[in-house]
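> Structure below; questions to follow.
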Amino acid sequence: MAWSANLGFPVIGLKRETKKALEAFWSGQMTADEMLATTAGITKGNWVRQQQAGLDFIPSGEFSLYDRMLDAAVMIGAVSDRYAPLAKADALTHYFAQARGFQGEFAGQKLDLAALDMTKWFDTNYHYLVPELTGDSQFSLTDNQPLKAYQAAKAAGFTTRPVVIGPITFLWLAKIKGGQESLPRLLDRLLPVYESVLQELAAAGVEWVQVDEPALVMDLPKSVAALYSASYQRLKKAAGSTKLMLTTYFDGLRENLAMATKLDVDGLHLDLTRAPKEGLAAAEQAPAHLLLSLGVIDGRNIWRADLSSKLAVLEDIASRVGQDRLIVAPSCSLLHSPIDLAEEGKMDAEIKSWMAFAQQKLVEVQTLVKGLNQGRSAIAAELAQSDAAVESRRQSTRVHNPSVNALLAEFSSKTIARTSPFAQRWQAQQASLQLPIFPTTTIGSFPQTPEVREMRQQLRKGTLTQADYNKQMNDQIAAAVRWQEEIDMDVLVHGEFERNDMVEYFGEQLDGYVFSSNGWVQSYGSRYVKPPIIFGDVSRPKPMTVAWTRYAQSLTKKPMKGMLTGPVTMLQWSFVRDDQPRSSTCRQLALAIRAEVLDLESAGINIIQIDEPAIREGLPLRDADRQAYLDWAVGSFRLSYFGVKDSTQIHTHMCYSEFNDIMPAIAAMDADVISIETSRSHMELLEAFVDFHYPNQIGPGVYDIHSPRLPNVAGMVELLELAAARLKPEQIWVNPDCGLKTRKWPEVKPALAAMIDAAKVLRQKYQQAAPFLLQQASHRHRQHAGW
């Protein structure tokens, strides 16, 4: 008999209760006990949902108040020395200081502690907090959260499979001062802690433990891959009769498959949505005792599964190893999926029939298990319904628009590049803009106050006319422009008050998109996003931002920056159609954005920012797959501004990324200015640009907007000095790390005023600096002209 399992369920709550509870607690409007009671209720509700779906294996311990990597670090005592002043604080204060930073007084000492670095979780849009280790780090079991979660579930009447992040993946994803060379020594110190965790779980009667080791789908050095065998021998011995399910996801195991099937574990989970052929390969290589958990339901997208095809895959594997060795599951944790399609009462019925959210994916898993165990006739109705939905989508004229692909074909033979190299463009731009060194700007958005959100809500409800809405938004824009002029900002923005989200706002105005009402997923902590859904060919019916930006520019003589989201980010931060290559959809998006860029330029906007924070996160996990992705991703970005004049300055923005391995691609994007997140890393991320001799201009972030800490002038001057030690002064722009939408005006106003004061300090110091010698022979741009 085959079994059914889930690897993780969304932690946000059906009505975003987790977010509301956390933010109420942080603001002092809810006690710790009240907040924890709320999240405990959500956790129990998740177990109820999974039990009612009929799952054999329900996860526990995957719920986090902020981030699972942080939870793992706390469990093993891997807390950075930076937080030592809070060692005697209560657990929640200590925990959230690492997640969000801490600014205030504790035990008679004034503290200003930055949060841990944050970066993308593999190639998803989820962000994890990066543990900070040194080669001398010591570990101890300080809080066995998997055991507590199992016991809580047991007390509530649920038998669960505790989830832990595997020790090698934890170390591989951590920041180890001095590099990964010390990973084997750290592993020797860490394994006894994991052994203790497993021994305590075994003593509590746990039957199975899910150990997540997604690092196995990456290009691991042989020295690291070799650590798995001995490590899991030790862990299995410590677990005793408790079984270990080694879980991998987000790609195939490839060269690590043979090794993984021979590890001393009881089950192996494979992501068959990313590597569909590995199921048969594992069946051929796995020893007779090893259960195979087959991730055939896509945990990262919202499309309904083709159950007939999925069942055929499972039947083929079952014919080789037997049904009793198979577990059917989603490809990964359902953290990356919205919770329940049943909440989408307003969605177009036809398009909705093509979808499945987390709750529906559990039903798909259980349906496939039933079909595998009882035969196709037992699920004949479900298969017929699935087949009908697949065919409806395949044939729909709403999905396919021949004119879009005809337009793309017109550009297929063109060389997509700027007319002149950067050096020549910069001279034309400077002649027009007349900016000082260390020019100041923001990344685009200003705080979304309750009043602003209420205006949009009233417009949607019809209680506010379009004319009144436009007037109220223009008032917000005018106030923002006046304030930026008062603090002497160099390049202004209109504030994006009309935008609900940097992707959703544009998607709402493009053909080929549809939207959910409650399709929220977690980005990090209490930050949730509601990704648009690309169901068909994409095109732009009319201008999207021109009127707002033109109005803002009419209020000032200073440059006003047009703000757009780039095609790769539009792709990555949407749920994307899976019936054509992602590259094709991305090029369609690029053409839509290009039309907006050219309209902004015609409206007199001389600086246009095309944000691409997601270009790094879309990078395939394997080196062998990366160049093909970078070719079409960079090509799409360049297509999005193709045809602008030399005097039009193109900006882009990236955040939470490591850039070393994609610097040639970043240079090939050929943006005149790139702004990046660097404040948490203390400018370390600039090293990649320095080593590459990046020729264009850079805005290293000096204000960490993801933390409630207020930066001061001295701190930002220090960061800018670090930047100036790495770059030429004339290369440097001064800006926050990211947009300011999630912050509040009482934080933003003093922080930006301090940022401008810091820029002026640097400006005065470097005003005698030699002019920036821009080389006409920008060979890197020519080298990549064919991208």
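Going through the structure tokens in order, the chains are called A, B, and so on, while each chain numbers its residues from 1 and the ligands are numbered from 1 in the order shown.
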Show which residues sit within 9 Å of Val748 in chain A, as an MDAnalysis selection string. Count only C-alpha atoms, and ignore same-chain residues fewer than 3 positions away.
chainID A and resid 446:447 705 710 740 743:745 751:753
> May I have the selected residues written with C-alpha atoms, as a PDB file, in the first residue's frame?

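Everything below was put into selection.pdb:
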ATOM      1  CA  PHE A 446       7.184  55.696   0.413  1.00  0.00           C
ATOM      2  CA  PRO A 447       5.151  54.473   3.417  1.00  0.00           C
ATOM      3  CA  ILE A 705      14.654  49.290   5.685  1.00  0.00           C
ATOM      4  CA  LEU A 710      16.814  54.153  12.843  1.00  0.00           C
ATOM      5  CA  LEU A 740      10.091  52.228   2.017  1.00  0.00           C
ATOM      6  CA  ARG A 743       8.032  51.503   7.046  1.00  0.00           C
ATOM      7  CA  LYS A 744       6.296  54.399   8.799  1.00  0.00           C
ATOM      8  CA  TRP A 745       6.814  58.108   8.161  1.00  0.00           C
ATOM      9  CA  ALA A 751      16.374  58.331   8.345  1.00  0.00           C
ATOM     10  CA  LEU A 752      16.324  59.936   4.884  1.00  0.00           C
ATOM     11  CA  ALA A 753      17.274  63.325   6.270  1.00  0.00           C
TER      12      ALA A 753
END
> Mind listing the strand (DSSP E or B) residues of range 355-582 of chain A, per DSSP on the backbone, as a PyMOL selection string?
chain A and resi 355+440+445+492+495+511-514+521-524+527-529+533-539+560-565+575
> Dump N, CA, C and O atoms for the selected residues as a CSV table (one decimal), in the first residue's frame?

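File produced: part_24.csv:
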chain,number,residue,atom,x,y,z
A,355,MET,N,-6.8,25.7,-11.4
A,355,MET,CA,-5.9,25.9,-10.3
A,355,MET,C,-6.0,25.0,-9.1
A,355,MET,O,-7.1,24.3,-9.0
A,440,THR,N,21.8,61.7,-4.2
A,440,THR,CA,20.8,60.9,-3.3
A,440,THR,C,19.5,60.7,-4.0
A,440,THR,O,19.0,61.5,-4.8
A,445,SER,N,9.4,53.6,-3.4
A,445,SER,CA,8.1,53.7,-2.6
A,445,SER,C,8.3,54.4,-1.3
A,445,SER,O,9.4,54.3,-0.7
A,492,LEU,N,14.2,62.7,-7.3
A,492,LEU,CA,12.9,62.5,-6.6
A,492,LEU,C,12.2,61.3,-7.1
A,492,LEU,O,12.4,60.8,-8.3
A,495,GLY,N,6.5,58.3,-5.1
A,495,GLY,CA,6.1,57.7,-3.9
A,495,GLY,C,5.3,56.4,-4.0
A,495,GLY,O,5.2,55.6,-3.1
A,511,ASP,N,-2.8,42.5,-20.0
A,511,ASP,CA,-3.6,41.3,-20.4
A,511,ASP,C,-2.7,40.0,-20.1
A,511,ASP,O,-1.5,40.0,-20.2
A,512,GLY,N,-3.4,38.9,-19.8
A,512,GLY,CA,-2.7,37.7,-19.5
A,512,GLY,C,-2.6,37.4,-18.0
A,512,GLY,O,-2.1,36.3,-17.7
A,513,TYR,N,-3.0,38.3,-17.2
A,513,TYR,CA,-2.9,38.2,-15.7
A,513,TYR,C,-4.3,38.0,-15.1
A,513,TYR,O,-5.3,38.5,-15.6
A,514,VAL,N,-4.3,37.3,-14.0
A,514,VAL,CA,-5.5,37.2,-13.2
A,514,VAL,C,-5.0,37.3,-11.7
A,514,VAL,O,-3.9,37.0,-11.4
A,521,VAL,N,1.3,34.5,0.2
A,521,VAL,CA,2.4,33.6,0.6
A,521,VAL,C,3.4,34.4,1.4
A,521,VAL,O,3.5,35.6,1.3
A,522,GLN,N,4.2,33.7,2.2
A,522,GLN,CA,5.2,34.4,3.0
A,522,GLN,C,6.4,34.7,2.2
A,522,GLN,O,7.0,33.9,1.5
A,523,SER,N,6.9,35.9,2.3
A,523,SER,CA,8.2,36.4,1.8
A,523,SER,C,9.3,36.3,2.8
A,523,SER,O,10.4,35.7,2.6
A,524,TYR,N,9.0,36.8,4.0
A,524,TYR,CA,9.9,36.6,5.2
A,524,TYR,C,9.1,37.2,6.4
A,524,TYR,O,8.3,38.0,6.3
A,527,ARG,N,6.1,39.6,6.5
A,527,ARG,CA,6.0,40.1,5.2
A,527,ARG,C,5.4,39.1,4.2
A,527,ARG,O,6.0,38.1,3.9
A,528,TYR,N,4.1,39.3,3.8
A,528,TYR,CA,3.4,38.4,2.9
A,528,TYR,C,3.2,39.1,1.6
A,528,TYR,O,3.0,40.3,1.6
A,529,VAL,N,3.1,38.3,0.6
A,529,VAL,CA,2.8,38.9,-0.8
A,529,VAL,C,1.7,38.1,-1.4
A,529,VAL,O,1.5,36.9,-1.0
A,533,ILE,N,-1.1,36.1,-11.1
A,533,ILE,CA,-1.1,34.8,-11.8
A,533,ILE,C,-1.1,35.0,-13.3
A,533,ILE,O,-2.0,35.7,-13.8
A,534,ILE,N,0.0,34.6,-13.9
A,534,ILE,CA,0.1,34.7,-15.4
A,534,ILE,C,-0.5,33.4,-16.0
A,534,ILE,O,0.0,32.4,-15.9
A,535,PHE,N,-1.7,33.6,-16.7
A,535,PHE,CA,-2.4,32.5,-17.2
A,535,PHE,C,-2.3,32.4,-18.7
A,535,PHE,O,-2.5,31.4,-19.4
A,536,GLY,N,-1.9,33.6,-19.4
A,536,GLY,CA,-1.9,33.6,-20.8
A,536,GLY,C,-0.9,34.6,-21.4
A,536,GLY,O,-0.1,35.1,-20.6
A,537,ASP,N,-0.9,34.8,-22.7
A,537,ASP,CA,0.0,35.7,-23.3
A,537,ASP,C,-0.1,37.1,-22.8
A,537,ASP,O,-1.3,37.6,-22.6
A,538,VAL,N,1.0,37.8,-22.5
A,538,VAL,CA,1.0,39.1,-21.8
A,538,VAL,C,1.2,40.2,-22.8
A,538,VAL,O,2.0,40.2,-23.7
A,539,SER,N,0.4,41.3,-22.6
A,539,SER,CA,0.5,42.5,-23.4
A,539,SER,C,0.0,43.7,-22.6
A,539,SER,O,-0.7,43.5,-21.6
A,560,MET,N,12.7,63.7,-11.8
A,560,MET,CA,11.8,62.7,-11.3
A,560,MET,C,12.0,61.4,-11.9
A,560,MET,O,12.1,61.3,-13.1
A,561,LYS,N,12.1,60.4,-11.1
A,561,LYS,CA,12.5,59.0,-11.5
A,561,LYS,C,11.2,58.2,-11.8
A,561,LYS,O,10.4,58.1,-10.9
A,562,GLY,N,11.1,57.7,-13.0
A,562,GLY,CA,10.0,56.8,-13.3
A,562,GLY,C,10.3,55.4,-12.7
A,562,GLY,O,11.5,55.0,-12.7
A,563,MET,N,9.3,54.8,-12.2
A,563,MET,CA,9.5,53.5,-11.4
A,563,MET,C,8.7,52.4,-12.1
A,563,MET,O,7.5,52.4,-12.1
A,564,LEU,N,9.5,51.4,-12.5
A,564,LEU,CA,8.8,50.2,-13.1
A,564,LEU,C,9.4,48.9,-12.5
A,564,LEU,O,10.5,48.9,-12.0
A,565,THR,N,8.7,47.9,-12.7
A,565,THR,CA,9.2,46.6,-12.3
A,565,THR,C,9.6,45.8,-13.5
A,565,THR,O,8.9,45.8,-14.5
A,575,PHE,N,2.9,33.8,-10.1
A,575,PHE,CA,2.7,32.4,-10.4
A,575,PHE,C,2.6,32.3,-11.9
A,575,PHE,O,1.7,32.9,-12.5
> Tell me which protein, DNA and RNA residues are within 9 Å of Phe506 in chain A, counting only C-alpha atoms, leaving out same-chain ones fewer than 3 positions away, and put them as number ranges by chain.
A: 499, 501-503, 509-510, 544-545, 564-565, 570
> Include N, CA and C atoms and write out the residues we just selected as a short mmCIF file (atom, residue, chain, number, x, y, z; two decimals), in the first residue's frame.

data_model
loop_
_atom_site.label_atom_id
_atom_site.label_comp_id
_atom_site.auth_asym_id
_atom_site.auth_seq_id
_atom_site.Cartn_x
_atom_site.Cartn_y
_atom_site.Cartn_z
N ARG A 499 0.08 52.26 -5.71
CA ARG A 499 0.44 50.86 -5.98
C ARG A 499 0.24 49.99 -4.74
N ASP A 501 1.27 46.77 -4.79
CA ASP A 501 2.42 45.86 -4.79
C ASP A 501 3.20 46.12 -6.07
N MET A 502 4.51 45.95 -6.03
CA MET A 502 5.33 46.31 -7.18
C MET A 502 5.13 45.39 -8.38
N VAL A 503 4.54 44.24 -8.17
CA VAL A 503 4.22 43.34 -9.28
C VAL A 503 2.72 43.36 -9.57
N GLN A 509 -2.84 45.70 -14.84
CA GLN A 509 -3.04 46.52 -16.04
C GLN A 509 -2.54 45.83 -17.31
N LEU A 510 -2.12 44.57 -17.18
CA LEU A 510 -1.64 43.82 -18.32
C LEU A 510 -2.62 42.70 -18.68
N MET A 544 0.61 52.70 -17.97
CA MET A 544 0.31 52.28 -16.61
C MET A 544 0.75 53.28 -15.55
N THR A 545 1.84 54.00 -15.80
CA THR A 545 2.43 54.88 -14.78
C THR A 545 2.64 56.30 -15.27
N LEU A 564 9.46 51.38 -12.52
CA LEU A 564 8.85 50.21 -13.14
C LEU A 564 9.43 48.94 -12.53
N THR A 565 8.70 47.86 -12.65
CA THR A 565 9.21 46.55 -12.26
C THR A 565 9.64 45.81 -13.52
N MET A 570 8.84 40.52 -12.63
CA MET A 570 7.43 40.27 -12.89
C MET A 570 7.18 38.77 -13.05
#
> Using only C-alpha atoms, which residues sit within 12 Å of Lys148 in chain A once same-chain residues fewer than 2 positions away are excluded, as a PyMOL selection string?
chain A and resi 40+60-63+75+143-146+150-155+160+162-163+197+200-201+204+206
> Residues within 7 Å of Ile674 in chain A, please, as number ranges by chain. Count only C-alpha atoms; anything in the same chain fewer than 4 positions from it doesn't count.
A: 651-653, 697-699
> Let's see if you can do this: from backbone DSSP, list all alpha helix (DSSP H) residues in range 112-175 of chain A, as a PyMOL selection string.
chain A and resi 145-155+167-173
> Using only C-alpha atoms, which protein or nucleic acid residues come within 7 Å of Val296 in chain A? Drop anything in the same chain fewer than 3 positions from it, and give the result as a PyMOL selection string.
chain A and resi 271-273+310+329-331
> Fewer than 6 positions away in the same chain doesn't count, so skip those; otherwise give me all residues within 12 Å of Leu292 in chain A, counting only C-alpha atoms, as an NGL selection string.
:A and (2-5 or 244-248 or 260-261 or 265-272 or 278-286 or 314 or 317-318 or 320-329)
> Would you please work out which residue, of A:Arg582, A:Lys471, A:Arg398, A:Arg189, is nearest to Ile351 in chain A when using only C-alpha atoms?
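Among the listed residues, A:Arg398 lies closest to Ile351 in chain A.
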> Just how far from CA of Glu504 in chain A is CA of Pro532 in chain A, in Å to one decimal?
5.6 Å
> Do you have the CA of Phe57 in chain A-CA of Thr43 in chain A distance handy?
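Result for CA of Phe57 in chain A versus CA of Thr43 in chain A: 15.5 Å, one decimal.
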> Check the smallest atom-to-atom distance from each of A:Ile615, A:Leu407, A:Ile610, A:Val493 to Gly444 in chain A using only C-alpha atoms, then report the winner.
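Closest candidate: A:Val493.
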> Between A:Ala358, A:Ala378, A:Ala288, A:Leu22, which is the closest to Ile339 in chain A once you count only C-alpha atoms?
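Using only C-alpha atoms, the shortest distance to Ile339 in chain A belongs to A:Ala358.
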> Check the smallest atom-to-atom distance from each of A:Ile42, A:Leu619, A:Ala633, A:Leu187 to Asp136 in chain A using only C-alpha atoms, then report the winner.
A:Leu187
